[in-house]
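Asker: Take a look at the following structure, please.
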Amino acid sequence: DIQMTQSPSSMSASLGDRVTITCQASQDIGNNLIWFQQKPGKSPRPMIYYATNLANGVPSRFSGSRSGSDYSLTISSLESEDMADYHCLQYKQYPPTFGGGTKLELK
Amino acid sequence: EIQLQESGPGLVKPSQSLSLTCSVTGYTITSGYDWSWIRKFPGNKMEWMGYISYSGSTNYNPSLKSRISITRDTSKNQFFLQLNSVTTEDTATYYCARGAMMVIPFDYWGQGVMVTVSS
């Protein structure tokens with residue numbers, strides 16, 4: 001299986017901060033990576049797909065990037081509604097595998 | 001609007017089977033896509049468990065292959081998860097979701113059902 005190493009596992013940040021979450025793939029996955037946001041009691045919501053593409057309805061302060069086997073989700077200016085868990089998923093190869101998740105909290 | 005809804009018991013005893021139902025509205029499961037089960041463990045880690053395709057074929061995570069079965073009832077537009085010989089390690093929130101390996105995998109999800117394995 002392809003291992004996805006996600007960091008940090010948790011972080012706290014202030015409103016207006018620039019926040020970056022990273023996933024590293026153990027094998028080549030191309031751009032076949034998606035980021036999900038999950039708020040408490042809710043189901044995951046696709047945010048960024050194919051590594052860099054914004055999903056429908058997602059605010060433009062969210063962006064995705066890739067550098068080699070490292071994939072990043074960046075929030076340019078943190079808002080209160082962004083407090084949530086974030087998960088990456090590779091869908092290059094079966095079985096699709098998730099990173100360990102990042103819990104983003106308000107400082 | 002496409003909606004998925006999980007249902008099933010919230011408590012299962014060790015060594016027994018876990019059985020969950022996913023009811024889909026707004027889309028016919030035989031029209032297209034794969035229909036997956038995914039779980040989220042305490043501590044935040046998530047695992048794709050398997051899917052049943054629109055044609056009825058299945059694909060399972062090898063980590064579960066000997067214990068899992070996904071079936072469907074097309075007349076009710078539902079698909080089902082059965083996980084046998086559960087242990088406390090199977091305690092998780094279980095989600096059904098549309099898709100697997102597609103442009104936007106898992107684009108629609110149910111709200112999840114928490115299942116605790118305990119005697």
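Residue numbering restarts at 1 in every chain; chains get A, B, ... in the order shown in the structure tokens, and ligands count up from 1 in that same order.
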Per residue of segment 21-102 of chain A within 9 Å of segment 51-69 of chain B, which atom pair is closest and at what distance in Å (one decimal), using only C-alpha atoms, listed by chain and increasing number, as JSON lines?
Answerer:
```
{"residue": "A:Tyr94", "atom": "CA", "partner": "B:Asn61", "partner_atom": "CA", "distance": 7.9}
{"residue": "A:Pro95", "atom": "CA", "partner": "B:Asn61", "partner_atom": "CA", "distance": 5.8}
{"residue": "A:Pro96", "atom": "CA", "partner": "B:Asn61", "partner_atom": "CA", "distance": 8.6}
```
Asker: Export, as an mmCIF file, in the first residue's frame, the selected residues with C-alpha atoms.
Answerer:
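Okay, this is what ended up in result.cif:
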```cif
data_model
loop_
_atom_site.group_PDB
_atom_site.id
_atom_site.type_symbol
_atom_site.label_atom_id
_atom_site.label_comp_id
_atom_site.auth_asym_id
_atom_site.auth_seq_id
_atom_site.Cartn_x
_atom_site.Cartn_y
_atom_site.Cartn_z
ATOM 1 C CA TYR A 94 -5.645 0.600 -4.838
ATOM 2 C CA PRO A 95 -6.312 0.648 -2.016
ATOM 3 C CA PRO A 96 -6.806 4.410 -1.748
#
```
Asker: What are the residues of chain B lining chain A at 10 Å or less? Count only C-alpha atoms, and put the answer as a PyMOL selection string.
Answerer: chain B and resi 43-50+59-63+95-97+100-112
Asker: Looking at B:Gln5, B:Ser118, B:Thr87, B:Ser75, which one is nearest to Trp37 of chain B, with distances taken over only C-alpha atoms?
Answerer: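 Answer, going by the shortest atom-to-atom distance: B:Gln5.
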Asker: Segment 11-111 of chain B: which residues are helix (DSSP H, G or I) by DSSP, as a PyMOL selection string?
Answerer: chain B and resi 62-64+88-90
Asker: Save out the residues we just selected, C-alpha atoms, as a PDB file, in the first residue's frame.
Answerer:
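Written out: result04.pdb:
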```pdb
ATOM      1  CA  PRO B  62      -6.740  -6.386   1.262  1.00  0.00           C
ATOM      2  CA  SER B  63      -6.413  -5.631   4.970  1.00  0.00           C
ATOM      3  CA  LEU B  64     -10.057  -6.689   5.371  1.00  0.00           C
ATOM      4  CA  THR B  88     -12.413  -3.692  19.613  1.00  0.00           C
ATOM      5  CA  GLU B  89     -10.071  -2.497  16.840  1.00  0.00           C
ATOM      6  CA  ASP B  90     -13.144  -2.165  14.597  1.00  0.00           C
TER       7      ASP B  90
END
```
Asker: Any idea what's packed within 6 Å of segment 17-31 of chain B, counting only C-alpha atoms, ignoring anything in its chain fewer than 3 positions away? Could you give it as a PDB file with N, CA, C and O atoms, in the first residue's frame?
Answerer:
```
ATOM      1  N   GLU B   1     -30.989  16.340  -5.256  1.00  0.00           N
ATOM      2  CA  GLU B   1     -29.741  16.329  -4.491  1.00  0.00           C
ATOM      3  C   GLU B   1     -29.431  14.901  -4.045  1.00  0.00           C
ATOM      4  O   GLU B   1     -30.299  14.199  -3.547  1.00  0.00           O
ATOM      5  N   ILE B   2     -28.197  14.524  -4.222  1.00  0.00           N
ATOM      6  CA  ILE B   2     -27.770  13.183  -3.819  1.00  0.00           C
ATOM      7  C   ILE B   2     -27.567  13.158  -2.311  1.00  0.00           C
ATOM      8  O   ILE B   2     -26.881  14.025  -1.751  1.00  0.00           O
ATOM      9  N   GLN B   3     -28.160  12.168  -1.672  1.00  0.00           N
ATOM     10  CA  GLN B   3     -27.980  11.996  -0.231  1.00  0.00           C
ATOM     11  C   GLN B   3     -27.732  10.528   0.083  1.00  0.00           C
ATOM     12  O   GLN B   3     -28.319   9.639  -0.550  1.00  0.00           O
ATOM     13  N   LEU B   4     -26.846  10.293   1.034  1.00  0.00           N
ATOM     14  CA  LEU B   4     -26.559   8.960   1.534  1.00  0.00           C
ATOM     15  C   LEU B   4     -26.808   8.953   3.032  1.00  0.00           C
ATOM     16  O   LEU B   4     -26.505   9.942   3.721  1.00  0.00           O
ATOM     17  N   GLN B   5     -27.324   7.852   3.533  1.00  0.00           N
ATOM     18  CA  GLN B   5     -27.666   7.757   4.952  1.00  0.00           C
ATOM     19  C   GLN B   5     -27.339   6.361   5.454  1.00  0.00           C
ATOM     20  O   GLN B   5     -27.911   5.376   4.980  1.00  0.00           O
ATOM     21  N   GLU B   6     -26.448   6.306   6.435  1.00  0.00           N
ATOM     22  CA  GLU B   6     -26.098   5.019   7.050  1.00  0.00           C
ATOM     23  C   GLU B   6     -27.077   4.687   8.169  1.00  0.00           C
ATOM     24  O   GLU B   6     -27.611   5.578   8.837  1.00  0.00           O
ATOM     25  N   SER B   7     -27.271   3.393   8.383  1.00  0.00           N
ATOM     26  CA  SER B   7     -28.070   2.947   9.513  1.00  0.00           C
ATOM     27  C   SER B   7     -27.549   1.592   9.965  1.00  0.00           C
ATOM     28  O   SER B   7     -26.984   0.832   9.172  1.00  0.00           O
ATOM     29  N   GLY B   8     -27.787   1.314  11.242  1.00  0.00           N
ATOM     30  CA  GLY B   8     -27.346   0.045  11.793  1.00  0.00           C
ATOM     31  C   GLY B   8     -27.079   0.158  13.275  1.00  0.00           C
ATOM     32  O   GLY B   8     -27.123   1.263  13.837  1.00  0.00           O
ATOM     33  N   TYR B  54     -21.457   0.052  -9.789  1.00  0.00           N
ATOM     34  CA  TYR B  54     -22.812   0.169 -10.332  1.00  0.00           C
ATOM     35  C   TYR B  54     -23.239  -1.135 -11.009  1.00  0.00           C
ATOM     36  O   TYR B  54     -24.430  -1.431 -11.084  1.00  0.00           O
ATOM     37  N   ASN B  77     -32.467   0.693  -3.653  1.00  0.00           N
ATOM     38  CA  ASN B  77     -31.358   1.634  -3.853  1.00  0.00           C
ATOM     39  C   ASN B  77     -30.488   1.727  -2.597  1.00  0.00           C
ATOM     40  O   ASN B  77     -30.168   2.834  -2.117  1.00  0.00           O
ATOM     41  N   GLN B  78     -30.152   0.564  -2.080  1.00  0.00           N
ATOM     42  CA  GLN B  78     -29.338   0.470  -0.878  1.00  0.00           C
ATOM     43  C   GLN B  78     -28.130  -0.437  -1.120  1.00  0.00           C
ATOM     44  O   GLN B  78     -28.186  -1.356  -1.935  1.00  0.00           O
ATOM     45  N   PHE B  79     -27.062  -0.176  -0.389  1.00  0.00           N
ATOM     46  CA  PHE B  79     -25.967  -1.129  -0.352  1.00  0.00           C
ATOM     47  C   PHE B  79     -25.562  -1.358   1.099  1.00  0.00           C
ATOM     48  O   PHE B  79     -25.892  -0.555   1.986  1.00  0.00           O
ATOM     49  N   PHE B  80     -24.894  -2.476   1.337  1.00  0.00           N
ATOM     50  CA  PHE B  80     -24.713  -2.963   2.691  1.00  0.00           C
ATOM     51  C   PHE B  80     -23.251  -3.316   2.962  1.00  0.00           C
ATOM     52  O   PHE B  80     -22.508  -3.703   2.067  1.00  0.00           O
ATOM     53  N   LEU B  81     -22.894  -3.204   4.209  1.00  0.00           N
ATOM     54  CA  LEU B  81     -21.576  -3.629   4.691  1.00  0.00           C
ATOM     55  C   LEU B  81     -21.763  -4.729   5.718  1.00  0.00           C
ATOM     56  O   LEU B  81     -22.573  -4.591   6.639  1.00  0.00           O
ATOM     57  N   GLN B  82     -21.039  -5.809   5.556  1.00  0.00           N
ATOM     58  CA  GLN B  82     -20.937  -6.811   6.614  1.00  0.00           C
ATOM     59  C   GLN B  82     -19.466  -7.034   6.918  1.00  0.00           C
ATOM     60  O   GLN B  82     -18.669  -7.289   6.018  1.00  0.00           O
ATOM     61  N   LEU B  83     -19.128  -6.909   8.186  1.00  0.00           N
ATOM     62  CA  LEU B  83     -17.760  -7.133   8.642  1.00  0.00           C
ATOM     63  C   LEU B  83     -17.812  -8.201   9.728  1.00  0.00           C
ATOM     64  O   LEU B  83     -18.476  -8.019  10.752  1.00  0.00           O
ATOM     65  N   ASN B  84     -17.163  -9.308   9.471  1.00  0.00           N
ATOM     66  CA  ASN B  84     -17.238 -10.455  10.365  1.00  0.00           C
ATOM     67  C   ASN B  84     -16.129 -10.449  11.422  1.00  0.00           C
ATOM     68  O   ASN B  84     -15.118  -9.774  11.278  1.00  0.00           O
ATOM     69  N   SER B  85     -16.366 -11.206  12.461  1.00  0.00           N
ATOM     70  CA  SER B  85     -15.354 -11.449  13.509  1.00  0.00           C
ATOM     71  C   SER B  85     -14.754 -10.143  14.017  1.00  0.00           C
ATOM     72  O   SER B  85     -13.527  -9.968  14.045  1.00  0.00           O
TER      73      SER B  85
END
```
Asker: What is the atom CA of Ser26 of chain A to atom CA of Gly64 of chain A distance in Å?
Answerer: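 We find that atom CA of Ser26 of chain A and atom CA of Gly64 of chain A lie 18.7 Å from each other.
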Asker: Can you measure atom CA of Met4 of chain A to atom CA of Phe62 of chain A for me? One decimal in Å is fine.
Answerer: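 For atom CA of Met4 of chain A relative to atom CA of Phe62 of chain A, the distance reads 20.6 Å.
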Asker: Could you check the closest approach to Gln37 of chain A for each of A:Ile2, A:Leu15, A:Leu106, A:Val58 and tell me which residue wins, using only C-alpha atoms?
Answerer: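 Closest residue, counting only C-alpha atoms: A:Val58.
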Asker: Tell me which protein, DNA and RNA residues are within 7 Å of segment 9-11 of chain B, counting only C-alpha atoms, leaving out same-chain ones fewer than 5 positions away, and put them as JSON, numbers by chain.
Answerer: {"B": [114, 115, 116, 117, 118]}
Asker: Counting only C-alpha atoms, what is within 12 Å of Ser80 of chain A, bar same-chain residues fewer than 4 positions away, as number ranges by chain?
Answerer: A: 12-17, 39, 75, 84, 104-107
Asker: Using the selection just defined, write its residues with N, CA, C and O atoms as an mmCIF file, in the first residue's frame.
Answerer:
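Result went into again.cif, see below:
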```
data_model
loop_
_atom_site.group_PDB
_atom_site.id
_atom_site.type_symbol
_atom_site.label_atom_id
_atom_site.label_comp_id
_atom_site.auth_asym_id
_atom_site.auth_seq_id
_atom_site.Cartn_x
_atom_site.Cartn_y
_atom_site.Cartn_z
ATOM 1 N N SER A 12 -2.444 24.735 16.218
ATOM 2 C CA SER A 12 -3.314 25.846 16.566
ATOM 3 C C SER A 12 -2.796 27.096 15.875
ATOM 4 O O SER A 12 -1.571 27.282 15.739
ATOM 5 N N ALA A 13 -3.708 27.913 15.410
ATOM 6 C CA ALA A 13 -3.335 29.104 14.669
ATOM 7 C C ALA A 13 -4.326 30.215 14.966
ATOM 8 O O ALA A 13 -5.448 29.953 15.449
ATOM 9 N N SER A 14 -3.929 31.433 14.669
ATOM 10 C CA SER A 14 -4.769 32.598 14.921
ATOM 11 C C SER A 14 -5.511 33.010 13.657
ATOM 12 O O SER A 14 -5.070 32.708 12.535
ATOM 13 N N LEU A 15 -6.616 33.708 13.851
ATOM 14 C CA LEU A 15 -7.352 34.224 12.701
ATOM 15 C C LEU A 15 -6.431 35.106 11.867
ATOM 16 O O LEU A 15 -5.660 35.899 12.410
ATOM 17 N N GLY A 16 -6.504 34.927 10.561
ATOM 18 C CA GLY A 16 -5.656 35.694 9.656
ATOM 19 C C GLY A 16 -4.318 35.044 9.341
ATOM 20 O O GLY A 16 -3.625 35.488 8.420
ATOM 21 N N ASP A 17 -3.940 33.997 10.085
ATOM 22 C CA ASP A 17 -2.667 33.317 9.831
ATOM 23 C C ASP A 17 -2.699 32.587 8.497
ATOM 24 O O ASP A 17 -3.748 32.169 8.010
ATOM 25 N N LYS A 39 -15.664 18.878 9.614
ATOM 26 C CA LYS A 39 -16.038 19.584 10.836
ATOM 27 C C LYS A 39 -16.717 18.617 11.792
ATOM 28 O O LYS A 39 -17.264 17.593 11.360
ATOM 29 N N ILE A 75 -4.049 27.495 3.596
ATOM 30 C CA ILE A 75 -5.115 28.467 3.832
ATOM 31 C C ILE A 75 -4.412 29.818 3.963
ATOM 32 O O ILE A 75 -3.600 30.000 4.879
ATOM 33 N N ALA A 84 -11.249 22.714 11.760
ATOM 34 C CA ALA A 84 -11.753 21.419 11.327
ATOM 35 C C ALA A 84 -10.601 20.426 11.301
ATOM 36 O O ALA A 84 -9.444 20.777 11.562
ATOM 37 N N LEU A 104 -7.015 21.152 13.155
ATOM 38 C CA LEU A 104 -6.700 22.578 13.146
ATOM 39 C C LEU A 104 -7.603 23.292 14.149
ATOM 40 O O LEU A 104 -8.832 23.232 14.043
ATOM 41 N N GLU A 105 -6.973 23.933 15.114
ATOM 42 C CA GLU A 105 -7.710 24.602 16.179
ATOM 43 C C GLU A 105 -7.317 26.061 16.252
ATOM 44 O O GLU A 105 -6.245 26.466 15.771
ATOM 45 N N LEU A 106 -8.170 26.831 16.898
ATOM 46 C CA LEU A 106 -7.932 28.255 17.062
ATOM 47 C C LEU A 106 -7.038 28.497 18.267
ATOM 48 O O LEU A 106 -7.270 27.940 19.351
ATOM 49 N N LYS A 107 -6.027 29.335 18.065
ATOM 50 C CA LYS A 107 -5.111 29.656 19.162
ATOM 51 C C LYS A 107 -5.761 30.685 20.094
ATOM 52 O O LYS A 107 -6.407 31.624 19.612
#
```
Asker: Which parts of chain A does DSSP call strand (DSSP E or B) when run on the backbone here, written out as a PyMOL selection string?
Answerer: chain A and resi 4-7+10-13+19-25+33-38+45-49+53-54+62-67+70-75+84-90+97-98+102-106
